[in-house]
>>> print(open('model.txt').read())   # compact mmCIF, C-alpha atoms
# COMPACT_ATOMS: atom_id res chain seq x y z
CA MET A 1 -42.65 -8.74 4.75
CA GLY A 2 -40.84 -8.20 1.45
CA LEU A 3 -38.67 -5.32 0.34
CA ARG A 4 -41.42 -3.92 -1.88
CA ASP A 5 -43.86 -3.93 1.07
CA ILE A 6 -41.38 -2.01 3.17
CA LEU A 7 -40.73 0.49 0.38
CA VAL A 8 -44.44 1.19 -0.19
CA ILE A 9 -45.18 1.52 3.53
CA VAL A 10 -42.21 3.84 4.11
CA ILE A 11 -43.18 6.10 1.18
CA ILE A 12 -46.77 6.36 2.41
CA LEU A 13 -45.89 6.93 6.06
CA LEU A 14 -43.30 9.59 5.21
CA SER A 15 -45.89 11.29 3.00
CA VAL A 16 -48.37 11.67 5.87
CA PRO A 17 -46.65 14.58 7.68
CA VAL A 18 -45.59 16.14 4.38
CA SER A 19 -49.23 16.10 3.22
CA LEU A 20 -50.24 17.96 6.36
CA LEU A 21 -47.63 20.65 5.73
CA ASN A 22 -48.08 20.71 1.93
CA ALA A 23 -51.62 19.75 0.97
CA TYR A 24 -50.87 19.96 -2.75
CA TYR A 25 -48.23 17.25 -2.31
CA GLY A 26 -50.90 15.25 -0.50
CA ILE A 27 -53.42 15.43 -3.34
CA VAL A 28 -50.70 14.41 -5.81
CA VAL A 29 -49.75 11.37 -3.71
CA TRP A 30 -53.42 10.51 -3.23
CA THR A 31 -53.85 10.61 -7.03
CA TRP A 32 -50.81 8.37 -7.50
CA ILE A 33 -52.24 5.85 -5.01
CA ALA A 34 -55.69 5.95 -6.60
CA TYR A 35 -54.46 5.27 -10.13
CA PHE A 36 -51.21 3.38 -9.76
CA ASN A 37 -52.30 1.31 -6.73
CA PRO A 38 -48.74 0.65 -5.48
CA HIS A 39 -50.07 -1.53 -2.63
CA ARG A 40 -51.57 -3.92 -5.22
CA TYR A 41 -48.13 -4.83 -6.53
CA VAL A 42 -46.82 -6.24 -3.26
CA TRP A 43 -47.72 -9.44 -1.40
CA GLY A 44 -47.31 -8.71 2.30
CA ALA A 45 -48.82 -6.40 4.90
CA ALA A 46 -49.12 -3.49 2.47
CA ARG A 47 -51.57 -5.52 0.40
CA TYR A 48 -53.57 -7.69 2.79
CA GLY A 49 -53.33 -5.97 6.18
CA MET A 50 -55.25 -3.05 7.62
CA PHE A 51 -52.97 -0.69 5.70
CA GLN A 52 -55.15 1.82 3.80
CA PRO A 53 -52.79 4.20 1.99
CA ALA A 54 -55.47 6.36 0.35
CA MET A 55 -57.11 7.07 3.72
CA LEU A 56 -53.76 7.72 5.40
CA ILE A 57 -52.97 10.42 2.84
CA ALA A 58 -56.48 11.85 2.49
CA ILE A 59 -56.89 12.80 6.16
CA PRO A 60 -53.74 14.97 6.53
CA THR A 61 -54.38 16.42 3.06
CA LEU A 62 -57.87 17.53 4.11
CA LEU A 63 -56.48 19.09 7.28
CA GLY A 64 -53.63 20.74 5.39
CA THR A 65 -56.06 22.26 2.89
CA PHE A 66 -57.17 24.78 5.50
CA PHE A 67 -53.67 26.29 5.60
CA ALA A 68 -52.55 25.79 1.99
CA PRO A 69 -52.55 28.32 -0.88
CA LYS A 70 -55.85 27.80 -2.68
CA ASN A 71 -57.87 28.88 -5.66
CA THR A 72 -60.42 31.52 -4.72
CA ARG A 73 -63.83 32.30 -6.20
CA ILE A 74 -64.21 28.72 -7.39
CA TRP A 75 -67.98 28.91 -7.90
CA ILE A 76 -68.24 28.91 -11.66
CA ARG A 77 -70.95 27.03 -13.56
CA GLU A 78 -69.25 23.61 -13.50
CA THR A 79 -68.58 23.84 -9.77
CA VAL A 80 -72.21 24.71 -9.07
CA LEU A 81 -73.43 21.82 -11.24
CA LEU A 82 -71.05 19.42 -9.51
CA ALA A 83 -72.26 20.52 -6.09
CA ALA A 84 -75.90 20.34 -7.22
CA LEU A 85 -75.39 16.78 -8.45
CA TRP A 86 -73.89 15.83 -5.08
CA VAL A 87 -76.83 17.37 -3.24
CA TRP A 88 -79.33 15.63 -5.51
CA ILE A 89 -77.90 12.12 -5.19
CA THR A 90 -77.85 12.64 -1.43
CA PHE A 91 -81.51 13.66 -1.53
CA THR A 92 -82.55 10.64 -3.64
CA THR A 93 -80.76 8.33 -1.20
CA LEU A 94 -82.61 9.86 1.74
CA TYR A 95 -85.88 9.73 -0.21
CA ILE A 96 -85.78 6.02 -1.05
CA SER A 97 -85.25 5.23 2.63
CA ILE A 98 -88.91 6.17 3.24
CA VAL A 99 -90.28 4.35 0.17
CA PRO A 100 -91.21 0.74 1.09
CA GLU A 101 -90.66 -0.52 -2.47
CA PHE A 102 -86.95 0.30 -2.27
CA SER A 103 -86.29 -0.84 1.29
CA GLY A 104 -84.29 -3.86 0.10
CA HIS A 105 -81.35 -1.83 -1.19
CA VAL A 106 -81.40 1.20 1.12
CA GLN A 107 -78.39 0.01 3.10
CA ASP A 108 -76.42 -0.60 -0.09
CA ALA A 109 -77.45 2.84 -1.30
CA TYR A 110 -76.09 4.52 1.82
CA THR A 111 -72.80 2.64 1.40
CA HIS A 112 -72.64 3.72 -2.22
CA LEU A 113 -73.42 7.34 -1.31
CA GLU A 114 -70.54 7.30 1.16
CA GLU A 115 -68.15 6.04 -1.52
CA VAL A 116 -69.27 8.61 -4.09
CA SER A 117 -69.14 11.40 -1.50
CA LYS A 118 -65.49 10.57 -0.81
CA ILE A 119 -64.77 10.86 -4.54
CA LEU A 120 -66.58 14.20 -4.80
CA LEU A 121 -64.92 15.53 -1.65
CA MET A 122 -61.46 14.86 -3.09
CA THR A 123 -62.67 16.38 -6.37
CA PHE A 124 -63.36 19.66 -4.59
CA VAL A 125 -60.04 19.42 -2.75
CA THR A 126 -58.31 19.09 -6.14
CA ILE A 127 -60.13 22.20 -7.38
CA LEU A 128 -58.90 24.14 -4.37
CA LEU A 129 -55.28 22.97 -4.32
CA VAL A 130 -54.23 22.93 -7.99
CA SER A 131 -53.70 26.68 -7.98
CA SER A 132 -51.05 27.34 -10.62
CA LYS A 133 -49.97 26.32 -14.12
CA THR A 134 -47.03 24.38 -12.69
CA LYS A 135 -49.27 22.47 -10.29
CA LEU A 136 -51.70 21.65 -13.10
CA ARG A 137 -48.87 20.37 -15.29
CA TRP A 138 -47.47 18.13 -12.56
CA MET A 139 -50.90 16.79 -11.70
CA VAL A 140 -51.46 15.73 -15.31
CA LEU A 141 -47.97 14.20 -15.50
CA VAL A 142 -48.56 12.21 -12.30
CA ILE A 143 -51.83 10.90 -13.73
CA LEU A 144 -50.10 9.92 -16.97
CA GLY A 145 -47.19 8.32 -15.14
CA SER A 146 -49.54 6.30 -12.95
CA PHE A 147 -51.60 4.98 -15.84
CA GLY A 148 -48.72 4.83 -18.32
CA ILE A 149 -46.41 2.59 -16.28
CA LYS A 150 -49.33 0.31 -15.51
CA ALA A 151 -50.18 0.16 -19.23
CA LEU A 152 -46.56 -0.47 -20.22
CA PHE A 153 -46.25 -3.60 -18.06
CA ALA A 154 -49.68 -4.83 -19.18
CA ALA A 155 -48.83 -4.28 -22.87
CA ILE A 156 -45.50 -6.11 -22.52
CA PHE A 157 -47.30 -9.03 -20.88
CA TYR A 158 -49.91 -9.05 -23.63
CA LEU A 159 -47.28 -9.07 -26.39
CA ARG A 160 -45.10 -11.68 -24.70
CA THR A 161 -48.04 -14.07 -24.36
CA GLY A 162 -49.19 -13.51 -27.94
CA GLY A 163 -52.46 -11.97 -26.84
CA GLU A 164 -53.71 -15.22 -25.32
CA PHE A 165 -54.61 -13.66 -21.98
CA GLN A 166 -57.12 -10.91 -21.38
CA ILE A 167 -55.84 -7.76 -19.66
CA TRP A 168 -57.38 -6.76 -16.33
CA GLY A 169 -56.60 -3.94 -13.93
CA PRO A 170 -55.09 -4.29 -10.44
CA GLU A 171 -57.13 -6.64 -8.29
CA GLY A 172 -59.26 -4.89 -5.69
CA SER A 173 -59.06 -1.50 -7.38
CA PHE A 174 -61.75 0.43 -9.26
CA LEU A 175 -59.86 -0.49 -12.46
CA TYR A 176 -59.96 -4.26 -11.96
CA ASP A 177 -62.78 -4.98 -14.40
CA ASN A 178 -61.56 -5.19 -18.00
CA ASN A 179 -64.23 -2.73 -19.17
CA ASP A 180 -63.26 -0.22 -16.47
CA PHE A 181 -59.61 -0.59 -17.36
CA ALA A 182 -60.37 -0.01 -21.05
CA LEU A 183 -62.42 3.08 -20.19
CA ALA A 184 -59.59 4.59 -18.12
CA MET A 185 -57.02 3.78 -20.81
CA ASN A 186 -59.13 5.43 -23.51
CA MET A 187 -59.53 8.53 -21.36
CA THR A 188 -55.76 8.85 -20.96
CA ILE A 189 -54.90 8.66 -24.68
CA PRO A 190 -55.83 12.32 -25.35
CA LEU A 191 -53.86 13.36 -22.26
CA PHE A 192 -50.76 11.59 -23.56
CA PHE A 193 -51.20 12.96 -27.08
CA TYR A 194 -51.72 16.63 -26.25
CA MET A 195 -49.36 16.69 -23.27
CA ALA A 196 -46.63 15.46 -25.59
CA GLN A 197 -47.34 18.46 -27.83
CA ALA A 198 -47.13 20.86 -24.90
CA GLU A 199 -43.91 19.50 -23.36
CA GLN A 200 -40.64 21.22 -24.22
CA ASN A 201 -38.32 18.35 -23.29
CA ARG A 202 -37.72 16.04 -26.26
CA TRP A 203 -37.31 12.92 -24.11
CA VAL A 204 -40.51 13.60 -22.20
CA ARG A 205 -42.36 13.90 -25.51
CA ILE A 206 -40.91 10.61 -26.72
CA GLY A 207 -41.79 8.91 -23.43
CA LEU A 208 -45.36 10.15 -23.48
CA ARG A 209 -45.91 8.98 -27.06
CA GLY A 210 -44.38 5.59 -26.33
CA LEU A 211 -46.65 5.11 -23.33
CA MET A 212 -49.61 6.20 -25.46
CA VAL A 213 -48.93 3.28 -27.83
CA ALA A 214 -48.80 0.92 -24.83
CA VAL A 215 -52.15 2.28 -23.66
CA ALA A 216 -53.74 1.63 -27.07
CA ILE A 217 -52.44 -1.97 -27.00
CA CYS A 218 -53.93 -2.37 -23.52
CA VAL A 219 -57.37 -1.29 -24.74
CA VAL A 220 -57.27 -3.99 -27.43
CA GLY A 221 -56.02 -6.52 -24.89
CA THR A 222 -58.93 -5.98 -22.50
CA TYR A 223 -61.30 -7.67 -25.03
CA SER A 224 -63.76 -4.89 -24.20
CA ARG A 225 -66.18 -4.11 -27.00
CA GLY A 226 -67.05 -0.77 -25.44
CA GLY A 227 -63.34 -0.13 -25.11
CA LEU A 228 -62.83 -0.78 -28.83
CA LEU A 229 -65.66 1.65 -29.61
CA GLY A 230 -64.07 4.25 -27.35
CA LEU A 231 -60.63 3.73 -28.89
CA SER A 232 -62.08 4.26 -32.37
CA ALA A 233 -63.80 7.48 -31.26
CA VAL A 234 -60.67 8.82 -29.58
CA THR A 235 -58.33 8.15 -32.49
CA LEU A 236 -60.72 9.58 -35.07
CA THR A 237 -61.36 12.69 -32.95
CA ILE A 238 -57.63 13.29 -32.50
CA VAL A 239 -57.08 12.99 -36.25
CA VAL A 240 -59.90 15.42 -37.01
CA LYS A 241 -58.78 17.98 -34.41
CA SER A 242 -55.04 17.68 -34.85
CA ARG A 243 -52.91 19.89 -37.04
CA GLN A 244 -50.29 17.16 -36.96
CA LYS A 245 -52.29 14.76 -39.09
CA ILE A 246 -49.32 12.42 -39.57
CA ILE A 247 -49.07 11.69 -35.85
CA GLY A 248 -52.81 11.21 -35.62
CA LEU A 249 -52.87 8.88 -38.61
CA PHE A 250 -49.93 6.98 -37.13
CA LEU A 251 -52.00 6.41 -33.99
CA VAL A 252 -54.86 5.07 -36.11
CA PHE A 253 -52.39 2.83 -37.96
CA ILE A 254 -51.05 1.46 -34.66
CA ALA A 255 -54.59 0.75 -33.46
CA VAL A 256 -55.61 -1.01 -36.67
CA MET A 257 -52.41 -3.06 -36.86
CA GLY A 258 -52.83 -4.01 -33.23
CA ILE A 259 -56.34 -5.27 -33.90
CA LEU A 260 -55.24 -7.22 -36.97
CA THR A 261 -52.00 -8.72 -35.67
CA LEU A 262 -52.11 -8.71 -31.87
CA THR A 263 -55.48 -10.30 -31.31
CA THR A 264 -56.42 -13.94 -30.99
CA ILE A 265 -59.15 -15.92 -32.69
CA ALA A 266 -61.21 -15.72 -29.49
CA TRP A 267 -60.96 -11.91 -29.56
CA LYS A 268 -61.99 -11.72 -33.22
CA ASP A 269 -64.90 -14.10 -32.66
CA ARG A 270 -66.16 -12.03 -29.71
CA MET A 271 -66.08 -8.82 -31.74
CA SER A 272 -67.44 -10.26 -35.00
CA GLU A 273 -70.47 -11.83 -33.31
CA PHE A 274 -71.37 -8.48 -31.79
CA LEU A 275 -70.90 -6.59 -35.07
CA GLN A 276 -73.08 -9.15 -36.87
CA GLY A 277 -75.89 -8.63 -34.37
CA ASN A 278 -75.51 -11.94 -32.54
CA PHE A 279 -75.89 -10.80 -28.93
CA ASP A 280 -74.38 -12.84 -26.12
CA LYS A 281 -75.56 -12.71 -22.49
CA SER A 282 -73.53 -9.58 -21.81
CA ALA A 283 -74.95 -7.67 -24.76
CA TYR A 284 -78.50 -8.83 -24.06
CA SER A 285 -78.27 -7.83 -20.40
CA ARG A 286 -77.45 -4.30 -21.54
CA LEU A 287 -80.69 -4.05 -23.50
CA VAL A 288 -82.62 -5.44 -20.54
CA ALA A 289 -81.00 -2.95 -18.14
CA TRP A 290 -81.63 0.02 -20.40
CA THR A 291 -85.29 -0.87 -20.97
CA GLY A 292 -85.90 -1.51 -17.28
CA GLY A 293 -84.09 1.69 -16.29
CA LEU A 294 -86.26 3.77 -18.62
CA ASN A 295 -89.46 2.17 -17.30
CA LEU A 296 -88.30 2.76 -13.74
CA ALA A 297 -87.62 6.43 -14.46
CA VAL A 298 -91.05 6.85 -16.04
CA GLN A 299 -92.63 5.55 -12.82
CA HIS A 300 -90.33 7.61 -10.57
CA PRO A 301 -89.36 10.55 -12.80
CA LEU A 302 -87.89 12.87 -10.17
CA THR A 303 -85.88 10.58 -7.91
CA GLY A 304 -85.49 7.25 -9.68
CA GLY A 305 -84.86 4.21 -7.50
CA GLY A 306 -81.66 5.32 -5.78
CA PHE A 307 -78.21 3.78 -5.79
CA ASP A 308 -78.04 0.04 -6.58
CA VAL A 309 -81.65 -0.29 -7.75
CA TYR A 310 -80.45 -2.17 -10.84
CA THR A 311 -79.08 -5.01 -8.72
CA ASP A 312 -82.13 -5.26 -6.43
CA GLU A 313 -83.68 -8.47 -7.78
CA ALA A 314 -86.80 -7.95 -5.69
CA VAL A 315 -87.55 -4.66 -7.45
CA PHE A 316 -85.84 -4.11 -10.79
CA PRO A 317 -87.15 -7.18 -12.71
CA HIS A 318 -90.68 -5.79 -12.34
CA TYR A 319 -89.70 -2.88 -14.59
CA VAL A 320 -88.29 -5.16 -17.27
CA PRO A 321 -90.70 -6.23 -20.09
CA SER A 322 -92.18 -9.65 -19.36
CA THR A 323 -90.66 -11.35 -22.42
CA ALA A 324 -87.19 -10.07 -21.55
CA ARG A 325 -87.71 -11.03 -17.91
CA GLY A 326 -88.45 -14.61 -18.91
CA TYR A 327 -85.36 -14.76 -21.08
CA LEU A 328 -83.29 -13.17 -18.33
CA TYR A 329 -83.97 -15.89 -15.80
CA GLY A 330 -84.20 -18.63 -18.40
CA LYS A 331 -80.56 -17.95 -19.30
CA ASN A 332 -79.65 -17.45 -15.63
CA ILE A 333 -78.60 -13.84 -16.25
CA HIS A 334 -78.31 -11.64 -13.17
CA LEU A 335 -77.88 -7.93 -13.71
CA HIS A 336 -74.88 -6.46 -11.97
CA SER A 337 -74.90 -3.01 -13.56
CA SER A 338 -76.93 -0.48 -15.51
CA HIS A 339 -74.42 -0.88 -18.38
CA SER A 340 -74.57 2.83 -19.24
CA ILE A 341 -73.60 6.04 -17.48
CA TYR A 342 -76.76 7.66 -18.84
CA PHE A 343 -79.23 4.95 -17.85
CA GLN A 344 -77.45 4.62 -14.52
CA MET A 345 -78.13 8.24 -13.67
CA LEU A 346 -81.64 8.00 -15.09
CA GLY A 347 -82.66 4.84 -13.21
CA GLU A 348 -80.94 5.71 -9.94
CA HIS A 349 -81.61 9.45 -9.70
CA GLY A 350 -84.42 10.18 -12.14
CA PHE A 351 -84.61 12.76 -14.89
CA VAL A 352 -83.32 15.46 -12.54
CA GLY A 353 -80.16 13.50 -11.80
CA LEU A 354 -79.63 12.70 -15.47
CA GLY A 355 -80.24 16.35 -16.38
CA LEU A 356 -77.61 17.61 -13.91
CA PHE A 357 -75.15 14.98 -15.13
CA LEU A 358 -75.66 15.90 -18.80
CA LEU A 359 -75.43 19.63 -18.03
CA LEU A 360 -72.12 19.02 -16.26
CA LEU A 361 -70.76 17.12 -19.27
CA TRP A 362 -72.07 19.75 -21.70
CA SER A 363 -70.71 22.67 -19.69
CA CYS A 364 -67.23 21.15 -19.36
CA PHE A 365 -67.07 20.29 -23.04
CA MET A 366 -68.40 23.58 -24.40
CA ASN A 367 -66.34 25.79 -22.12
CA MET A 368 -63.14 24.08 -23.25
CA GLY A 369 -64.01 25.15 -26.80
CA ARG A 370 -64.83 28.67 -25.64
CA LEU A 371 -61.58 28.92 -23.70
CA ARG A 372 -59.61 27.76 -26.71
CA ARG A 373 -61.18 30.47 -28.85
CA GLN A 374 -60.21 33.06 -26.24
CA ALA A 375 -56.63 31.75 -26.35
CA PHE A 376 -56.46 32.49 -30.08
CA VAL A 377 -57.35 36.11 -29.33
CA TYR A 378 -55.20 36.65 -26.23
CA THR A 379 -51.73 35.24 -26.80
CA ASP A 380 -51.00 35.10 -23.06
CA LEU A 381 -53.51 32.23 -22.91
CA GLU A 382 -51.89 30.09 -25.61
CA TRP A 383 -50.64 27.67 -22.96
CA VAL A 384 -54.24 26.51 -22.31
CA ILE A 385 -54.81 25.20 -25.86
CA PRO A 386 -53.28 21.70 -25.36
CA TYR A 387 -55.23 21.34 -22.12
CA THR A 388 -58.54 22.32 -23.71
CA ASN A 389 -57.97 19.75 -26.46
CA MET A 390 -56.96 16.95 -24.12
CA PHE A 391 -59.88 17.50 -21.76
CA GLN A 392 -62.42 17.74 -24.58
CA VAL A 393 -61.30 14.51 -26.22
CA THR A 394 -61.09 12.77 -22.83
CA LEU A 395 -64.72 13.74 -22.23
CA ILE A 396 -65.63 12.33 -25.65
CA ALA A 397 -63.95 9.04 -24.68
CA TYR A 398 -65.92 8.95 -21.45
CA MET A 399 -69.24 9.83 -23.09
CA ILE A 400 -68.91 7.25 -25.87
CA ASN A 401 -67.23 4.43 -23.97
CA GLY A 402 -69.51 5.09 -21.00
CA ALA A 403 -72.63 4.63 -23.12
CA THR A 404 -72.22 0.87 -22.62
CA LEU A 405 -70.68 0.92 -19.14
CA GLY A 406 -72.30 1.79 -15.81
CA ARG A 407 -69.60 4.08 -14.46
CA ALA A 408 -71.40 7.36 -13.82
CA TYR A 409 -69.38 7.74 -10.60
CA PHE A 410 -66.00 6.93 -12.16
CA ASP A 411 -63.20 8.48 -10.06
CA PHE A 412 -61.16 9.51 -13.08
CA PHE A 413 -64.05 11.36 -14.74
CA TYR A 414 -64.60 13.57 -11.71
CA GLN A 415 -60.92 14.39 -11.53
CA ILE A 416 -61.08 15.48 -15.17
CA VAL A 417 -64.02 17.70 -14.23
CA ALA A 418 -61.90 19.14 -11.41
CA LEU A 419 -59.04 19.88 -13.81
CA VAL A 420 -61.43 21.51 -16.29
CA ILE A 421 -62.59 23.80 -13.50
CA VAL A 422 -58.99 24.49 -12.46
CA LEU A 423 -58.04 25.37 -16.03
CA ARG A 424 -60.92 27.82 -16.27
CA LEU A 425 -59.99 29.43 -12.94
CA LEU A 426 -56.33 29.83 -13.91
CA ALA A 427 -57.25 31.19 -17.35
CA ARG A 428 -59.73 33.63 -15.81
CA ARG A 429 -57.09 34.89 -13.40
CA GLU A 430 -54.55 35.35 -16.18
CA LEU A 431 -57.06 36.93 -18.54
CA THR A 432 -58.13 39.38 -15.84
CA ALA A 433 -54.51 40.43 -15.29
CA THR A 434 -53.96 40.84 -19.03
CA LEU A 435 -57.07 42.95 -19.54
CA LEU A 436 -56.23 45.14 -16.57
CA GLU A 437 -52.96 46.00 -18.27
CA VAL A 438 -54.26 46.71 -21.78
CA GLU A 439 -57.93 47.65 -21.51
CA PRO A 440 -59.02 48.08 -17.87
CA GLU A 441 -62.36 49.65 -18.71
CA GLU A 442 -63.54 46.45 -20.45
CA THR A 443 -62.06 43.94 -18.06
CA LEU A 444 -65.11 43.08 -15.99
CA ALA A 445 -67.40 42.73 -19.01
CA THR A 446 -64.97 40.49 -20.90
CA VAL A 447 -64.18 38.16 -18.00
CA ALA A 448 -67.85 37.88 -17.04
CA ALA A 449 -68.71 36.88 -20.61
>>> encode(input="model.txt", output="structure tokens")
Amino acid sequence: MGLRDILVIVIILLSVPVSLLNAYYGIVVWTWIAYFNPHRYVWGAARYGMFQPAMLIAIPTLLGTFFAPKNTRIWIRETVLLAALWVWITFTTLYISIVPEFSGHVQDAYTHLEEVSKILLMTFVTILLVSSKTKLRWMVLVILGSFGIKALFAAIFYLRTGGEFQIWGPEGSFLYDNNDFALAMNMTIPLFFYMAQAEQNRWVRIGLRGLMVAVAICVVGTYSRGGLLGLSAVTLTIVVKSRQKIIGLFLVFIAVMGILTLTTIAWKDRMSEFLQGNFDKSAYSRLVAWTGGLNLAVQHPLTGGGFDVYTDEAVFPHYVPSTARGYLYGKNIHLHSSHSIYFQMLGEHGFVGLGLFLLLLWSCFMNMGRLRRQAFVYTDLEWVIPYTNMFQVTLIAYMINGATLGRAYFDFFYQIVALVIVLRLLARRELTATLLEVEPEETLATVAA
């Protein structure tokens, strides 16, 4: 067992009792493990044994939540939609277990439901435990540190090798796939950008902006076409929204220069073929998945086919047009994903599931704009403005990048939803206190609006 193994194991084991006594500390450590994956950077027992750091921290954190200071009255619109989505995907999983057509992937669906339920459970724990401005700030900084350090090492490797090797995430993690890694990196860029604006410490601002550049290089280095689309959307949105146009334009310049100078011929060929309309197997499989998912939803409009219906080769090919089905097997293409967060929800959980998912996205996005407008009126809420911007642009990155990637249950997205809810709860609490001081007779009407 190496020194790094010992260090990781000691940190995790010491965090177990602390997480029981201080549940907020537990959720922060759990977030660090989920995104940084420290056990993936060692080579001994901490990596290959029965050591499960996320589980070790999650259990005492859940127990400690009962005794920790918590947010109260958490049931705002986004929380209700999140809970409704959880209930619905549970119902569709139970429903397909009695439908003979879907019997082949029922067991996989139950496994998938268990995984998603763990994500949603920790999402609600985050909503409960991040109960102050300071806790929100540190949670965002831990997320950025986890992703940023990972991106820094990956970017250095990419530059040292002249861009000859494709960037992947930590093996065995939910970020391992290059497309997943690109999606997560794109979602962090707005967090880095706006957090740097909010931070008072000059060196913290410099560090955040430096890591943001490393993240942009990583997106290019993943060779992900969806990632490139997401990076373009993020940079353009930041430029449009930002008052500091120079910094935004500098980010665009870095991205363009990275594409022109830090990419290989293989990278340029992969992108140019796609832009010219010459679809490879990956691009064609997306069209097949989307068409089949729509046909499946038309036949099962309420419930869809449940988790993992896209990979059930005894069922899903029957919903694919016959010409595409012939090409699919003629080229030996096997679908492994829905290739879209929207078609994933549609095919697996029907129009109801897709509707709840879209309402959750819409509500989070629109309420960040509404909260920002309130902050311009009530100066005590000015601190929320950078957060509303970062969460809005992060959601744009997810919605655009996710259009070509089947990650409707992406861990990071649901934590962003949790932080959106937390921000609204904290702002509501502060706004209520402000209105009670200056205009108590209108307090209830204003906060309710």
>>> residues_around(input="model.txt", residues="range 362-377 of chain A", least_positions_apart="5", cutoff="12 Å", atoms="all atoms listed in the file", output="PyMOL selection string")
chain A and resi 76-82+241+355-357+382-399+413-414+416-428+430-431+434-435+446-447+449
>>> atom_distance(input="model.txt", atom1="CA of Gly162 in chain A", atom2="CA of Gly221 in chain A")
10.2 Å
>>> closest_atom_pairs(input="model.txt", of="range 356-406 of chain A", to="range 338-350 of chain A", cutoff="9 Å", atoms="only C-alpha atoms", output="JSON lines")
{"residue": "A:Phe357", "atom": "CA", "partner": "A:Met345", "partner_atom": "CA", "distance": 7.5}
{"residue": "A:Leu358", "atom": "CA", "partner": "A:Tyr342", "partner_atom": "CA", "distance": 8.3}
{"residue": "A:Met399", "atom": "CA", "partner": "A:Ile341", "partner_atom": "CA", "distance": 8.1}
{"residue": "A:Asn401", "atom": "CA", "partner": "A:Ser340", "partner_atom": "CA", "distance": 8.9}
{"residue": "A:Gly402", "atom": "CA", "partner": "A:Ile341", "partner_atom": "CA", "distance": 5.5}
{"residue": "A:Ala403", "atom": "CA", "partner": "A:Ser340", "partner_atom": "CA", "distance": 4.7}
{"residue": "A:Thr404", "atom": "CA", "partner": "A:Ser340", "partner_atom": "CA", "distance": 4.6}
{"residue": "A:Leu405", "atom": "CA", "partner": "A:His339", "partner_atom": "CA", "distance": 4.2}
{"residue": "A:Gly406", "atom": "CA", "partner": "A:Ser340", "partner_atom": "CA", "distance": 4.2}
>>> closest_residue(input="model.txt", among="A:Glu171, A:Glu101, A:Glu164, A:Asp108", to="Pro38 in chain A", atoms="only C-alpha atoms")
A:Glu171
>>> closest_residue(input="model.txt", among="A:Gln197, A:Phe147, A:Gly292, A:Thr111", to="Phe412 in chain A", atoms="only C-alpha atoms")
A:Phe147
>>> closest_residue(input="model.txt", among="A:Leu113, A:Val140, A:Leu360, A:Val106", to="Gly305 in chain A", atoms="all atoms listed in the file")
A:Val106
>>> residues_around(input="model.txt", residues="range 18-20 of chain A", least_positions_apart="2", cutoff="6 Å", atoms="all atoms listed in the file", output="PyMOL selection string")
chain A and resi 15-16+22-23+25-26+60-61+64
>>> closest_residue(input="model.txt", among="A:Arg429, A:Ser337, A:Phe410, A:Leu302", to="Asp380 in chain A", atoms="all atoms listed in the file")
A:Arg429
>>> axis_aligned_box(input="model.txt", around="range 311-321 of chain A", padding_each_side="4 Å", output="JSON")
{"center_x": -84.9, "center_y": -5.7, "center_z": -12.9, "size_x": 19.6, "size_y": 13.6, "size_z": 22.4}
>>> closest_residue(input="model.txt", among="A:Met55, A:Val204, A:Ala109, A:Val130", to="Tyr310 in chain A", atoms="all atoms listed in the file")
A:Ala109
>>> atom_distance(input="model.txt", atom1="CA of Phe91 in chain A", atom2="CA of Gln107 in chain A")
14.7 Å
>>> decode(input="model.txt", residues="range 126-142 of chain A", atoms="C-alpha atoms", output="PDB file, in the first residue's frame")
ATOM      1  CA  THR A 126     -27.719  19.233   0.000  1.00  0.00           C
ATOM      2  CA  ILE A 127     -30.871  21.378  -0.049  1.00  0.00           C
ATOM      3  CA  LEU A 128     -31.334  20.814   3.672  1.00  0.00           C
ATOM      4  CA  LEU A 129     -27.742  21.322   4.823  1.00  0.00           C
ATOM      5  CA  VAL A 130     -26.489  24.298   2.780  1.00  0.00           C
ATOM      6  CA  SER A 131     -28.252  26.735   5.071  1.00  0.00           C
ATOM      7  CA  SER A 132     -26.227  29.949   4.896  1.00  0.00           C
ATOM      8  CA  LYS A 133     -24.394  32.214   2.452  1.00  0.00           C
ATOM      9  CA  THR A 134     -21.048  31.026   3.806  1.00  0.00           C
ATOM     10  CA  LYS A 135     -21.981  27.384   3.345  1.00  0.00           C
ATOM     11  CA  LEU A 136     -23.159  28.060  -0.208  1.00  0.00           C
ATOM     12  CA  ARG A 137     -19.904  29.839  -1.040  1.00  0.00           C
ATOM     13  CA  TRP A 138     -17.764  27.010   0.303  1.00  0.00           C
ATOM     14  CA  MET A 139     -19.830  24.398  -1.490  1.00  0.00           C
ATOM     15  CA  VAL A 140     -19.278  26.157  -4.816  1.00  0.00           C
ATOM     16  CA  LEU A 141     -15.552  26.568  -4.088  1.00  0.00           C
ATOM     17  CA  VAL A 142     -15.205  22.865  -3.255  1.00  0.00           C
TER      18      VAL A 142
END
